[in-house]
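Asks: See input.txt below, with compact mmCIF, C-alpha atoms.
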```txt
# COMPACT_ATOMS: atom_id res chain seq x y z
CA MET A 22 0.00 0.00 0.00
CA LEU A 23 1.25 3.47 -0.83
CA ASP A 24 1.63 6.06 1.91
CA LEU A 25 -1.47 8.30 1.80
CA LYS A 26 0.74 11.34 2.30
CA PHE A 27 2.72 10.33 -0.80
CA ILE A 28 -0.50 10.03 -2.84
CA ARG A 29 -1.67 13.41 -1.53
CA GLU A 30 1.60 15.10 -2.49
CA ASN A 31 2.18 13.23 -5.79
CA PRO A 32 -1.22 12.58 -7.39
CA GLU A 33 0.04 12.92 -10.96
CA GLU A 34 2.83 10.41 -10.40
CA VAL A 35 0.31 7.94 -9.03
CA LYS A 36 -1.99 8.51 -12.02
CA LYS A 37 0.95 8.01 -14.39
CA THR A 38 1.76 4.73 -12.65
CA LEU A 39 -1.82 3.55 -13.21
CA LYS A 40 -1.61 4.52 -16.88
CA ASP A 41 1.79 2.86 -17.38
CA ARG A 42 0.54 -0.31 -15.72
CA GLY A 43 -2.78 -0.34 -17.58
CA MET A 44 -4.76 -0.24 -14.32
CA ASP A 45 -7.57 1.87 -12.90
CA ALA A 46 -8.15 3.31 -9.44
CA ASP A 47 -10.12 6.33 -8.21
CA VAL A 48 -7.23 8.57 -7.12
CA ASP A 49 -9.35 11.74 -7.24
CA GLY A 50 -12.06 10.08 -5.17
CA LEU A 51 -9.46 9.01 -2.65
CA LEU A 52 -8.07 12.53 -2.35
CA LYS A 53 -11.57 13.97 -1.96
CA LEU A 54 -12.27 11.54 0.89
CA ASP A 55 -8.90 12.35 2.44
CA LYS A 56 -9.68 16.08 2.38
CA GLU A 57 -13.11 15.46 3.92
CA ARG A 58 -11.53 13.34 6.63
CA ARG A 59 -8.96 15.98 7.55
CA ASN A 60 -11.69 18.64 7.73
CA LEU A 61 -13.72 16.43 10.05
CA LEU A 62 -10.67 15.79 12.26
CA ARG A 63 -10.12 19.55 12.57
CA LYS A 64 -13.74 20.01 13.60
CA ALA A 65 -13.35 17.20 16.12
CA GLU A 66 -10.26 18.87 17.59
CA ASP A 67 -12.13 22.17 17.91
CA LEU A 68 -15.03 20.41 19.63
CA LYS A 69 -12.67 18.61 22.00
CA HIS A 70 -11.15 21.96 22.93
CA LYS A 71 -14.64 23.38 23.64
CA LYS A 72 -15.47 20.27 25.66
CA ASN A 73 -12.35 20.76 27.79
CA ILE A 74 -13.31 24.40 28.41
CA ALA A 75 -16.86 23.38 29.37
CA SER A 76 -15.50 20.70 31.70
CA SER A 77 -13.26 23.26 33.40
CA GLN A 78 -16.17 25.69 33.76
CA ILE A 79 -18.33 22.96 35.29
CA GLY A 80 -15.65 22.34 37.87
CA LYS A 81 -15.50 26.02 38.77
CA LEU A 82 -19.30 26.30 39.04
CA ILE A 83 -19.45 23.29 41.33
CA SER A 84 -16.62 24.69 43.51
CA GLN A 85 -18.57 27.97 43.77
CA GLY A 86 -21.73 26.13 44.78
CA GLU A 87 -23.54 27.00 41.56
CA GLU A 88 -25.70 24.72 39.44
CA PRO A 89 -23.76 23.54 36.29
CA LYS A 90 -26.80 22.01 34.62
CA HIS A 91 -26.73 24.18 31.49
CA LYS A 92 -22.98 23.64 31.07
CA MET A 93 -23.37 19.89 31.45
CA ALA A 94 -26.04 19.90 28.74
CA GLU A 95 -23.66 21.90 26.53
CA MET A 96 -20.82 19.41 27.15
CA LYS A 97 -23.13 16.47 26.43
CA ALA A 98 -24.15 18.04 23.11
CA ILE A 99 -20.50 18.57 22.20
CA ALA A 100 -19.66 14.97 23.11
CA GLN A 101 -22.45 13.73 20.81
CA LYS A 102 -21.10 15.83 17.93
CA ILE A 103 -17.63 14.36 18.49
CA LYS A 104 -19.14 10.87 18.47
CA ASP A 105 -20.96 11.60 15.22
CA ILE A 106 -17.75 12.88 13.63
CA ASP A 107 -15.84 9.79 14.78
CA LYS A 108 -18.45 7.63 13.08
CA GLN A 109 -18.13 9.63 9.84
CA VAL A 110 -14.34 9.37 9.99
CA GLY A 111 -14.61 5.59 10.45
CA GLU A 112 -16.85 5.31 7.40
CA ILE A 113 -14.45 7.45 5.35
CA ASP A 114 -11.49 5.37 6.53
CA ALA A 115 -13.19 2.20 5.26
CA LYS A 116 -13.89 3.81 1.85
CA THR A 117 -10.34 5.19 1.67
CA THR A 118 -8.83 1.79 2.45
CA ARG A 119 -10.92 0.08 -0.24
CA ILE A 120 -9.58 2.50 -2.86
CA ALA A 121 -6.01 2.54 -1.56
CA LEU A 122 -5.82 -1.27 -1.69
CA LEU A 123 -6.42 -1.08 -5.46
CA ILE A 124 -3.56 1.34 -6.16
CA PRO A 125 -0.38 -0.49 -7.26
CA ASN A 126 3.21 0.18 -6.25
CA ILE A 127 5.28 2.86 -8.01
CA PRO A 128 7.75 1.29 -10.49
CA HIS A 129 11.44 1.99 -9.99
CA ASP A 130 13.10 4.37 -12.46
CA SER A 131 14.99 1.43 -14.02
CA VAL A 132 11.75 -0.36 -14.99
CA PRO A 133 11.01 0.07 -18.72
CA VAL A 134 7.67 1.64 -19.59
CA GLY A 135 5.67 -0.73 -21.75
CA SER A 136 2.18 -1.90 -22.61
CA ASP A 137 2.77 -5.67 -22.92
CA PRO A 138 5.46 -8.34 -22.38
CA GLU A 139 7.03 -7.49 -25.74
CA ASP A 140 8.38 -4.36 -24.03
CA ASN A 141 10.32 -6.34 -21.43
CA ILE A 142 14.11 -5.99 -21.71
CA GLU A 143 16.43 -8.97 -21.74
CA THR A 144 19.46 -8.20 -19.54
CA ARG A 145 21.60 -11.34 -19.98
CA ARG A 146 21.70 -15.01 -20.96
CA TRP A 147 23.52 -18.01 -19.55
CA GLY A 148 24.54 -21.15 -21.41
CA GLU A 149 23.69 -22.25 -24.93
CA ARG A 150 20.53 -23.68 -26.38
CA PRO A 151 20.92 -27.46 -26.62
CA THR A 152 21.14 -29.02 -30.06
CA PHE A 153 20.00 -32.51 -31.11
CA ASP A 154 20.68 -34.91 -33.97
CA PHE A 155 17.04 -35.99 -33.74
CA GLN A 156 13.66 -34.24 -33.47
CA PRO A 157 13.25 -33.33 -29.76
CA LEU A 158 9.98 -34.32 -28.14
CA SER A 159 7.70 -32.30 -25.85
CA HIS A 160 7.88 -33.09 -22.15
CA TRP A 161 4.46 -34.75 -22.05
CA ASP A 162 5.50 -37.28 -24.72
CA ILE A 163 8.78 -37.95 -22.89
CA ALA A 164 7.04 -38.31 -19.53
CA ASP A 165 4.33 -40.57 -20.94
CA ALA A 166 6.83 -42.84 -22.71
CA LEU A 167 8.91 -43.18 -19.53
CA GLY A 168 5.84 -43.61 -17.30
CA ILE A 169 6.96 -40.87 -14.89
CA ILE A 170 4.03 -38.41 -15.10
CA ASP A 171 0.43 -39.56 -15.44
CA PHE A 172 -1.84 -36.76 -16.64
CA ARG A 173 -4.79 -39.09 -17.27
CA ALA A 174 -4.86 -40.35 -13.69
CA ALA A 175 -4.50 -36.81 -12.35
CA SER A 176 -7.44 -35.68 -14.49
CA LYS A 177 -9.53 -38.57 -13.18
CA ILE A 178 -8.68 -37.57 -9.60
CA SER A 179 -8.83 -33.77 -9.78
CA GLY A 180 -9.70 -32.62 -13.30
CA ARG A 181 -7.61 -30.90 -15.93
CA GLY A 182 -4.60 -28.85 -14.93
CA PHE A 183 -3.10 -31.37 -12.49
CA ALA A 184 -0.28 -33.91 -12.68
CA LEU A 185 0.45 -37.20 -10.91
CA TYR A 186 4.15 -38.06 -10.71
CA ARG A 187 5.05 -41.78 -10.65
CA GLY A 188 8.20 -43.71 -9.80
CA LEU A 189 11.31 -41.84 -10.90
CA GLY A 190 9.12 -38.86 -11.80
CA ALA A 191 8.09 -38.49 -8.16
CA LYS A 192 11.68 -39.08 -7.09
CA LEU A 193 12.89 -36.40 -9.51
CA GLU A 194 10.42 -33.88 -8.07
CA ARG A 195 11.56 -34.69 -4.53
CA ALA A 196 15.21 -34.55 -5.59
CA LEU A 197 14.78 -31.08 -7.07
CA ILE A 198 13.07 -29.80 -3.91
CA ASN A 199 15.81 -31.12 -1.62
CA PHE A 200 18.60 -29.97 -3.96
CA MET A 201 17.29 -26.40 -4.05
CA LEU A 202 16.65 -26.19 -0.32
CA ASP A 203 20.16 -27.44 0.38
CA ILE A 204 21.76 -24.87 -1.93
CA HIS A 205 19.83 -21.94 -0.48
CA THR A 206 20.31 -22.92 3.16
CA THR A 207 23.94 -24.05 3.08
CA LYS A 208 25.37 -21.68 0.49
CA HIS A 209 23.12 -18.62 0.28
CA GLY A 210 22.36 -18.13 3.96
CA TYR A 211 18.57 -18.63 4.02
CA THR A 212 16.74 -20.10 7.01
CA GLU A 213 14.40 -22.90 5.97
CA VAL A 214 10.76 -22.73 7.01
CA PHE A 215 7.85 -25.04 6.22
CA PRO A 216 4.70 -22.88 6.41
CA PRO A 217 0.99 -23.76 6.26
CA PHE A 218 -0.53 -24.10 2.81
CA MET A 219 -3.69 -22.19 3.84
CA VAL A 220 -3.78 -18.58 5.01
CA LYS A 221 -6.19 -16.01 6.40
CA ARG A 222 -7.65 -13.27 4.22
CA GLU A 223 -5.52 -10.59 5.91
CA CYS A 224 -2.37 -12.45 4.85
CA MET A 225 -3.45 -12.29 1.20
CA VAL A 226 -4.25 -8.59 1.58
CA GLY A 227 -0.89 -8.02 3.24
CA THR A 228 1.13 -9.32 0.30
CA GLY A 229 -1.11 -7.71 -2.33
CA GLN A 230 -3.00 -10.65 -3.88
CA LEU A 231 -6.29 -9.34 -2.51
CA PRO A 232 -8.58 -7.71 -3.27
CA ARG A 233 -7.60 -7.46 -6.94
CA LEU A 234 -6.82 -11.13 -7.71
CA GLU A 235 -9.42 -12.98 -5.65
CA GLU A 236 -10.93 -14.75 -8.66
CA ASP A 237 -7.58 -16.46 -9.32
CA MET A 238 -7.42 -17.94 -5.83
CA TYR A 239 -8.82 -21.13 -4.32
CA ARG A 240 -10.92 -20.13 -1.29
CA CYS A 241 -12.42 -22.29 1.44
CA GLU A 242 -15.62 -20.32 1.92
CA ALA A 243 -16.70 -21.78 5.27
CA ASP A 244 -13.50 -20.64 6.99
CA ASP A 245 -12.53 -17.77 4.65
CA LEU A 246 -9.11 -19.38 4.20
CA PHE A 247 -7.16 -19.39 0.94
CA LEU A 248 -4.93 -22.07 -0.54
CA ILE A 249 -1.66 -20.24 -1.10
CA PRO A 250 -0.76 -19.13 -4.66
CA THR A 251 2.89 -18.91 -3.53
CA ALA A 252 4.87 -19.37 -0.31
CA GLU A 253 5.54 -15.63 -0.44
CA VAL A 254 2.19 -15.19 1.32
CA PRO A 255 2.69 -17.23 4.51
CA ILE A 256 6.43 -16.51 4.77
CA THR A 257 6.06 -12.73 4.45
CA ASN A 258 3.29 -12.83 7.04
CA ILE A 259 5.55 -14.50 9.61
CA HIS A 260 6.38 -10.99 10.81
CA ARG A 261 2.98 -9.35 10.17
CA GLY A 262 2.26 -6.70 12.82
CA GLU A 263 5.76 -6.88 14.29
CA ILE A 264 8.56 -4.38 14.95
CA LEU A 265 11.87 -6.07 14.15
CA ARG A 266 15.26 -5.15 15.57
CA ALA A 267 17.58 -3.38 13.12
CA GLU A 268 20.45 -5.63 14.17
CA ASP A 269 18.43 -8.68 13.06
CA LEU A 270 18.16 -7.41 9.48
CA PRO A 271 18.49 -8.66 6.84
CA ILE A 272 16.34 -11.75 7.43
CA TYR A 273 16.38 -14.42 4.72
CA TYR A 274 13.83 -17.25 4.59
CA CYS A 275 13.37 -20.04 2.08
CA GLY A 276 10.63 -22.62 2.04
CA TYR A 277 9.04 -25.35 0.00
CA THR A 278 5.29 -25.39 -0.58
CA ALA A 279 2.78 -26.59 -3.06
CA CYS A 280 1.12 -23.62 -4.79
CA PHE A 281 -2.46 -23.37 -6.01
CA ARG A 282 -3.85 -21.08 -8.73
CA ARG A 283 -7.20 -21.21 -10.46
CA GLU A 284 -5.84 -19.45 -13.55
CA ALA A 285 -9.33 -18.01 -13.95
CA GLY A 286 -8.39 -15.67 -16.79
CA SER A 287 -6.49 -18.22 -18.87
CA TYR A 288 -9.19 -20.66 -20.02
CA GLY A 289 -8.02 -22.70 -23.01
CA LYS A 290 -4.33 -21.70 -22.74
CA GLU A 291 -1.56 -24.29 -22.33
CA THR A 292 -3.98 -27.02 -21.27
CA LYS A 293 -1.56 -29.83 -22.11
CA GLY A 294 1.35 -30.82 -19.92
CA LEU A 295 2.99 -28.93 -17.05
CA VAL A 296 3.32 -25.39 -18.39
CA ARG A 297 0.08 -24.11 -16.87
CA VAL A 298 -1.26 -26.15 -13.96
CA HIS A 299 -3.46 -25.49 -10.94
CA GLN A 300 -1.06 -27.08 -8.45
CA PHE A 301 2.74 -26.99 -8.59
CA ASP A 302 5.71 -27.19 -6.25
CA LYS A 303 8.00 -24.24 -5.63
CA ILE A 304 10.89 -23.12 -3.48
CA GLU A 305 10.37 -19.51 -2.38
CA LEU A 306 12.98 -17.00 -1.22
CA VAL A 307 11.82 -14.09 0.98
CA LYS A 308 13.89 -11.22 2.38
CA PHE A 309 13.22 -8.55 5.01
CA VAL A 310 15.81 -5.78 4.61
CA LYS A 311 16.60 -2.16 5.40
CA PRO A 312 15.35 0.29 2.75
CA GLU A 313 18.80 1.52 1.74
CA THR A 314 19.96 -1.98 0.71
CA SER A 315 16.86 -3.35 -1.00
CA TYR A 316 17.95 -2.95 -4.62
CA GLU A 317 21.33 -4.55 -3.93
CA GLU A 318 19.42 -7.34 -2.20
CA LEU A 319 17.27 -7.76 -5.31
CA GLU A 320 20.34 -8.33 -7.48
CA SER A 321 21.72 -10.93 -5.05
CA LEU A 322 18.30 -12.61 -4.88
CA VAL A 323 18.33 -13.01 -8.67
CA ARG A 324 21.85 -14.49 -8.54
CA ASP A 325 20.72 -17.00 -5.89
CA ALA A 326 17.91 -18.19 -8.16
CA GLU A 327 20.19 -18.23 -11.20
CA GLU A 328 22.63 -20.58 -9.51
CA ILE A 329 19.98 -23.29 -9.38
CA LEU A 330 19.57 -23.17 -13.16
CA GLN A 331 23.33 -23.01 -13.68
CA GLN A 332 23.97 -26.08 -11.54
CA LEU A 333 21.25 -27.90 -13.47
CA GLY A 334 22.92 -26.83 -16.72
CA LEU A 335 19.77 -25.26 -18.16
CA HIS A 336 20.01 -22.40 -20.64
CA TYR A 337 18.09 -19.33 -19.49
CA ARG A 338 17.75 -15.58 -19.82
CA VAL A 339 17.07 -12.79 -17.31
CA VAL A 340 14.39 -10.25 -18.23
CA ASN A 341 13.69 -6.84 -16.67
CA LEU A 342 9.89 -6.62 -16.74
CA CYS A 343 8.15 -3.51 -18.05
CA THR A 344 5.52 -1.49 -16.20
CA ALA A 345 2.62 -3.45 -17.71
CA ASP A 346 4.11 -6.83 -16.74
CA ILE A 347 5.41 -6.38 -13.18
CA SER A 348 3.14 -7.55 -10.40
CA PHE A 349 0.72 -5.24 -8.62
CA ALA A 350 2.87 -4.99 -5.47
CA SER A 351 6.28 -4.92 -7.14
CA THR A 352 8.42 -1.87 -7.73
CA LYS A 353 10.90 -3.85 -9.87
CA CYS A 354 10.93 -7.45 -11.08
CA TYR A 355 13.28 -9.73 -12.99
CA ASP A 356 12.01 -12.94 -14.57
CA LEU A 357 14.22 -15.95 -15.15
CA GLU A 358 13.10 -17.73 -18.29
CA VAL A 359 14.46 -21.20 -19.06
CA TRP A 360 14.68 -22.62 -22.57
CA ALA A 361 12.39 -25.57 -23.36
CA PRO A 362 13.67 -27.25 -26.57
CA GLY A 363 10.56 -29.36 -27.18
CA LYS A 364 8.36 -26.28 -27.09
CA GLU A 365 11.06 -24.06 -28.66
CA ARG A 366 10.35 -21.20 -26.30
CA TYR A 367 11.42 -19.66 -23.01
CA LEU A 368 9.34 -20.44 -19.91
CA GLU A 369 9.29 -18.27 -16.80
CA VAL A 370 10.48 -20.27 -13.78
CA SER A 371 11.23 -17.44 -11.35
CA SER A 372 10.06 -13.90 -10.69
CA CYS A 373 12.32 -11.92 -8.34
CA SER A 374 10.73 -8.73 -6.98
CA ASN A 375 11.47 -5.80 -4.73
CA PHE A 376 8.26 -4.55 -3.12
CA SER A 377 9.94 -1.64 -1.26
CA ASP A 378 7.68 -0.84 1.75
CA PHE A 379 4.46 -1.63 -0.14
CA GLN A 380 3.77 -5.01 1.49
CA ALA A 381 5.22 -3.89 4.83
CA ARG A 382 2.65 -1.06 5.05
CA ARG A 383 -0.21 -3.45 4.31
CA ALA A 384 1.09 -6.07 6.75
CA GLY A 385 2.43 -3.69 9.43
CA ILE A 386 6.06 -4.91 9.35
CA ARG A 387 8.52 -2.37 10.76
CA TYR A 388 11.95 -2.21 12.34
CA ARG A 389 13.52 -0.02 15.01
CA PRO A 390 16.67 1.79 13.74
CA GLU A 391 19.93 1.17 15.64
CA LYS A 392 20.01 4.73 16.95
CA GLY A 393 16.47 4.47 18.23
CA GLY A 394 13.66 6.78 17.26
CA LYS A 395 10.51 6.08 15.31
CA ALA A 396 10.00 2.61 13.84
CA GLU A 397 10.28 2.47 10.04
CA TYR A 398 8.82 0.07 7.48
CA VAL A 399 11.12 -2.68 6.22
CA HIS A 400 11.49 -3.48 2.54
CA THR A 401 10.36 -6.96 1.48
CA LEU A 402 11.60 -9.00 -1.47
CA ASN A 403 10.78 -12.41 -2.81
CA GLY A 404 11.68 -14.69 -5.66
CA SER A 405 11.12 -18.25 -6.80
CA GLY A 406 14.17 -20.31 -6.12
CA ILE A 407 12.74 -21.95 -8.29
CA ALA A 408 9.32 -23.16 -9.56
CA LEU A 409 9.35 -26.87 -10.35
CA ALA A 410 6.68 -27.64 -12.91
CA ARG A 411 8.28 -25.65 -15.71
CA THR A 412 11.78 -26.55 -14.53
CA VAL A 413 10.82 -30.21 -14.99
CA VAL A 414 9.61 -29.31 -18.50
CA ALA A 415 12.98 -27.76 -19.37
CA LEU A 416 14.95 -30.57 -17.72
CA LEU A 417 13.13 -33.38 -19.53
CA GLU A 418 13.29 -31.61 -22.88
CA THR A 419 16.92 -30.48 -22.51
CA TYR A 420 18.33 -33.82 -21.33
CA GLN A 421 16.29 -36.16 -23.54
CA GLU A 422 18.20 -38.79 -25.50
CA LYS A 423 17.47 -40.34 -28.86
CA ASP A 424 16.47 -43.66 -27.27
CA GLY A 425 13.83 -41.90 -25.13
CA ARG A 426 15.76 -41.91 -21.85
CA VAL A 427 16.61 -38.70 -19.96
CA THR A 428 20.04 -37.89 -18.56
CA ILE A 429 20.05 -36.68 -14.96
CA PRO A 430 22.18 -33.54 -14.39
CA GLU A 431 25.24 -34.30 -12.26
CA ALA A 432 24.11 -31.95 -9.47
CA LEU A 433 20.96 -34.03 -8.99
CA ARG A 434 22.49 -37.49 -9.04
CA PRO A 435 23.26 -37.64 -5.29
CA TYR A 436 19.57 -36.87 -4.69
CA MET A 437 18.50 -39.58 -7.15
CA GLY A 438 20.36 -42.40 -5.41
CA GLY A 439 23.29 -42.15 -7.83
CA LEU A 440 21.18 -42.70 -10.98
CA ASP A 441 22.51 -41.02 -14.09
CA ARG A 442 19.50 -41.67 -16.35
CA ILE A 443 15.75 -42.01 -16.16
CA ASP A 444 14.55 -45.10 -17.97
CA ARG A 445 11.04 -46.47 -18.41
CA THR A 446 9.53 -47.40 -15.05
CA ARG A 447 6.52 -49.37 -16.17
```
Step by step, read the file and then write its structure as C-alpha cells.

Replies:
Amino acid sequence: MLDLKFIRENPEEVKKTLKDRGMDADVDGLLKLDKERRNLLRKAEDLKHKKNIASSQIGKLISQGEEPKHKMAEMKAIAQKIKDIDKQVGEIDAKTTRIALLIPNIPHDSVPVGSDPEDNIETRRWGERPTFDFQPLSHWDIADALGIIDFRAASKISGRGFALYRGLGAKLERALINFMLDIHTTKHGYTEVFPPFMVKRECMVGTGQLPRLEEDMYRCEADDLFLIPTAEVPITNIHRGEILRAEDLPIYYCGYTACFRREAGSYGKETKGLVRVHQFDKIELVKFVKPETSYEELESLVRDAEEILQQLGLHYRVVNLCTADISFASTKCYDLEVWAPGKERYLEVSSCSNFSDFQARRAGIRYRPEKGGKAEYVHTLNGSGIALARTVVALLETYQEKDGRVTIPEALRPYMGGLDRIDRTR
C-alpha cells in the first residue's frame, strides 16, 4: 500500500503509474475523501477543545456552589457531535482503504515503460541452447513414454490442470526440492521454514493478492481461508504486525510449498502438460531488509535463483519486466526464463521482486533503527528459487536422448540415489 501522504503530495505520479501499468483506481475520489476526513478531524479537535473548556467551567461552578446544569447539557451536546464525527471518519477510513488497496506500487526508475510483455528488456543469458541430432519431443511425450508423469490419472482424480508423478518422476520432483533447499540454506544463507498451505484473508491482503486477484485464488468459503498461490504469502506474514530489531536485518527465509492457482483468466491456454497447472511445487525465497539496501538485495536474490539453473545446466535468460508486466505490489521485477527445446520457447520459472515498503505497510512490518527513534517500514523482497513444474519441462526436454531416456544432471544425481539416467519405469 502506498503512503497516503505520498499520494496526496504526488497525485500525478500515481496517475501516471496507473496509466503505465494499464490499471484503474479512483485517485481523485481518494483525495476527496482524504480532504473530507482531515476537515472532520479539525472540527473534532475544535469540539474537543470546547469540551475541555466546558469541563473546566463545570468544575469552577461546582466549587462555587452553583448549578452547572446548562454547562453539562452543553458538554453532552458537544460529546455527541464528536461521536458523530468519529463515526463519519470511520466510514471514510473504510472507503479510503478500499480504494487505496487497489492502487499499485510505483515502479522503480529502471523499470522500462511498456504496454505488454514485448516491451520487457532482456538483460543477460547463460549457457547455450541445446542441439539434437534428432527431433526433440515435448515433455508430455517424454514423460508418458517413460511412465513418470500420469496426466490421465491426475485428471480422473482432480480434473484438468493437475499432474500425478510416478516412480522416478516423483523421485525427480523430490530430488529437485531437496537440492534447491540445500543450496539456499547451506550456500546462500537462508533459514528454511515449512509454512501452512492455507492462510487467512488478511495475509493475502498483506502481500497484495487481494482484493484485486481474488478470482484467481482457491478459497475455502466456510472458513474464509485461501490455498496459497505462492509461499511468499505465509512466509512474508511470519512478521505481520511486528517491529523487528535493526540488528536482526536482513532476514532471509526459504521454504518449500505446493502452490495453487485457479488461472481463472487463462481458459483454453496451455492445457496440455505442465506449463500451466493449478497445483505446482515451488521453493520460495523471501527477504526482510533495510530500505537503503533493497535494490542490492534484489540483485543478489536473482543471482541466488540463477545458480539453481546453472547447476542444473539449463540455458536461461534474465528479463527486466516492463511497467505493464510487473506484479501489482512490485516496484521492480526480474524474470528468469528457461529454454524448453521441445516447445522451442522460453518459460518463466522465477520472478524476483522488490516490493519496497508496499507489502510492509499493508502487513504492518517495521523495524527499530539502531540509533532508536521512530520505527520504520522494512522493505520486502521475494523470488522463486525456483518453480518446479516448468523446470521439470525444461529438464526433460533439454536432457532427452534419442532412445527416449533422460540424462540426470550431475548436481541431482546424489539426490537420485546415484542414478545417471531415467529409464522407463513401467

Asks: Would you mind listing what lies within 10 Å of Leu185 (chain A) as a list in words, with all atoms listed in the file counted and same-chain residues fewer than 3 positions away left out?

Replies: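 Near Leu185 (chain A), the qualifying residues are Ile169, Ile170, Asp171, Phe172, Arg173, Ala174, Ala175, Ser176, Ile178, Ser179, Gly190 and Ala191 of chain A.
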
Asks: Take the residues that were just selected and, keeping C-alpha atoms, output them as an mmCIF file, keeping the file's coordinate frame.

Replies:
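Result written to selection_38.cif:
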```
data_model
loop_
_atom_site.group_PDB
_atom_site.id
_atom_site.type_symbol
_atom_site.label_atom_id
_atom_site.label_comp_id
_atom_site.auth_asym_id
_atom_site.auth_seq_id
_atom_site.Cartn_x
_atom_site.Cartn_y
_atom_site.Cartn_z
ATOM 1 C CA ILE A 169 6.960 -40.870 -14.890
ATOM 2 C CA ILE A 170 4.030 -38.410 -15.100
ATOM 3 C CA ASP A 171 0.430 -39.560 -15.440
ATOM 4 C CA PHE A 172 -1.840 -36.760 -16.640
ATOM 5 C CA ARG A 173 -4.790 -39.090 -17.270
ATOM 6 C CA ALA A 174 -4.860 -40.350 -13.690
ATOM 7 C CA ALA A 175 -4.500 -36.810 -12.350
ATOM 8 C CA SER A 176 -7.440 -35.680 -14.490
ATOM 9 C CA ILE A 178 -8.680 -37.570 -9.600
ATOM 10 C CA SER A 179 -8.830 -33.770 -9.780
ATOM 11 C CA GLY A 190 9.120 -38.860 -11.800
ATOM 12 C CA ALA A 191 8.090 -38.490 -8.160
#
```

Asks: Quick one: residues within 12 Å of Thr314 (chain A), all atoms listed in the file, excluding same-chain residues fewer than 3 positions away - as a PyMOL selection string?

Replies: chain A and resi 270-271+308-311+317-321+375+377+399-402

Asks: What is the CA of Ile103 (chain A) to CA of Lys64 (chain A) distance in Å?

Replies: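 So the two atoms, CA of Ile103 (chain A) and CA of Lys64 (chain A), lie 8.4 Å apart.
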
Asks: Could you list, as a list of chain:residue names, every residue within 12 Å of Lys90 (chain A), counting all atoms listed in the file and ignoring same-chain residues fewer than 4 positions away?

Replies: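 Close residues of Lys90 (chain A): A:Ala75, A:Ser76, A:Gln78, A:Ile79, A:Gly80, A:Leu82, A:Ile83, A:Ala94, A:Glu95, A:Met96, A:Lys97.
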
Asks: Of the candidates A:Val323, A:Val226, A:Leu306, A:Leu246, which one gets nearest to Ile272 (chain A) if we count only C-alpha atoms?

Replies: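 Smallest separation from Ile272 (chain A) among the options: A:Leu306.
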
Asks: For Lys208 (chain A), please output as a PyMOL selection string all residues within 12 Å (counting all atoms listed in the file; exclusion window: fewer than 4 positions along the same chain).

Replies: chain A and resi 200-204+212+325-326+328-329

Asks: Can those selected residues be exported to a file as a tab-separated table (two decimals), in the frame of the given file so that it contains C-alpha atoms?

Replies:
```
chain	number	residue	atom	x	y	z
A	200	PHE	CA	18.60	-29.97	-3.96
A	201	MET	CA	17.29	-26.40	-4.05
A	202	LEU	CA	16.65	-26.19	-0.32
A	203	ASP	CA	20.16	-27.44	0.38
A	204	ILE	CA	21.76	-24.87	-1.93
A	212	THR	CA	16.74	-20.10	7.01
A	325	ASP	CA	20.72	-17.00	-5.89
A	326	ALA	CA	17.91	-18.19	-8.16
A	328	GLU	CA	22.63	-20.58	-9.51
A	329	ILE	CA	19.98	-23.29	-9.38
```

Asks: For Arg240 (chain A), please output as a ChimeraX atom specification all residues within 12 Å (counting all atoms listed in the file; exclusion window: fewer than 3 positions along the same chain).

Replies: /A:218-222,225,231,234-237,243-250,281-283

Asks: Between CA of Arg146 (chain A) and CA of Leu197 (chain A), what distance in Å does the model show, to one decimal?

Replies: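 Taking CA of Arg146 (chain A) and CA of Leu197 (chain A), their separation equals 22.3 Å.
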
Asks: Which one of A:Ala432, A:Met238, A:Ala184, A:Ile142 sits closest to Val339 (chain A) if you count all atoms listed in the file?

Replies: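 Of all the options, A:Ile142 lies closest to Val339 (chain A).
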
Asks: Using only C-alpha atoms, list the residues that have an atom at most 10 Å from (17.8, -43.0, -14.4), coordinates as in the file, as an NGL selection string.

Replies: :A and (189-190 or 193 or 426-429 or 434 or 437-446)

Asks: Write a file of the selected residues as a PDB file, in the frame of the given file, keeping C-alpha atoms.

Replies:
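And here is the file that came out, result16.pdb:
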```
ATOM      1  CA  LEU A 189      11.310 -41.840 -10.900  1.00  0.00           C
ATOM      2  CA  GLY A 190       9.120 -38.860 -11.800  1.00  0.00           C
ATOM      3  CA  LEU A 193      12.890 -36.400  -9.510  1.00  0.00           C
ATOM      4  CA  ARG A 426      15.760 -41.910 -21.850  1.00  0.00           C
ATOM      5  CA  VAL A 427      16.610 -38.700 -19.960  1.00  0.00           C
ATOM      6  CA  THR A 428      20.040 -37.890 -18.560  1.00  0.00           C
ATOM      7  CA  ILE A 429      20.050 -36.680 -14.960  1.00  0.00           C
ATOM      8  CA  ARG A 434      22.490 -37.490  -9.040  1.00  0.00           C
ATOM      9  CA  MET A 437      18.500 -39.580  -7.150  1.00  0.00           C
ATOM     10  CA  GLY A 438      20.360 -42.400  -5.410  1.00  0.00           C
ATOM     11  CA  GLY A 439      23.290 -42.150  -7.830  1.00  0.00           C
ATOM     12  CA  LEU A 440      21.180 -42.700 -10.980  1.00  0.00           C
ATOM     13  CA  ASP A 441      22.510 -41.020 -14.090  1.00  0.00           C
ATOM     14  CA  ARG A 442      19.500 -41.670 -16.350  1.00  0.00           C
ATOM     15  CA  ILE A 443      15.750 -42.010 -16.160  1.00  0.00           C
ATOM     16  CA  ASP A 444      14.550 -45.100 -17.970  1.00  0.00           C
ATOM     17  CA  ARG A 445      11.040 -46.470 -18.410  1.00  0.00           C
ATOM     18  CA  THR A 446       9.530 -47.400 -15.050  1.00  0.00           C
TER      19      THR A 446
END
```

Asks: Counting only C-alpha atoms, figure out which residue out of A:Ile127, A:Leu330, A:Lys40, A:His160 gets nearest to Ser348 (chain A).

Replies: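 Residue with the minimum atom-to-atom distance to Ser348 (chain A): A:Ile127.
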
Asks: Using only the atoms of region 390-403 of chain A listed in the file, plus 6 Å on each side, state the axis-aligned box centre and edge lengths in Å rounded to one decimal, as lines of an AutoDock Vina configuration file.

Replies:
```
center_x = 14.4
center_y = -2.8
center_z = 7.7
size_x = 23.2
size_y = 31.2
size_z = 33.0
```

Asks: How far is it from CA of Val414 (chain A) to CA of Val340 (chain A), in Å with one decimal?

Replies: 19.7 Å

Asks: May I have the protein, DNA and RNA residues with an atom at most 8 Å from (1.6, -11.8, 4.1), counting only C-alpha atoms in the file's coordinates, returned as number ranges by chain?

Replies: A: 223-228, 253-259, 261, 380, 384
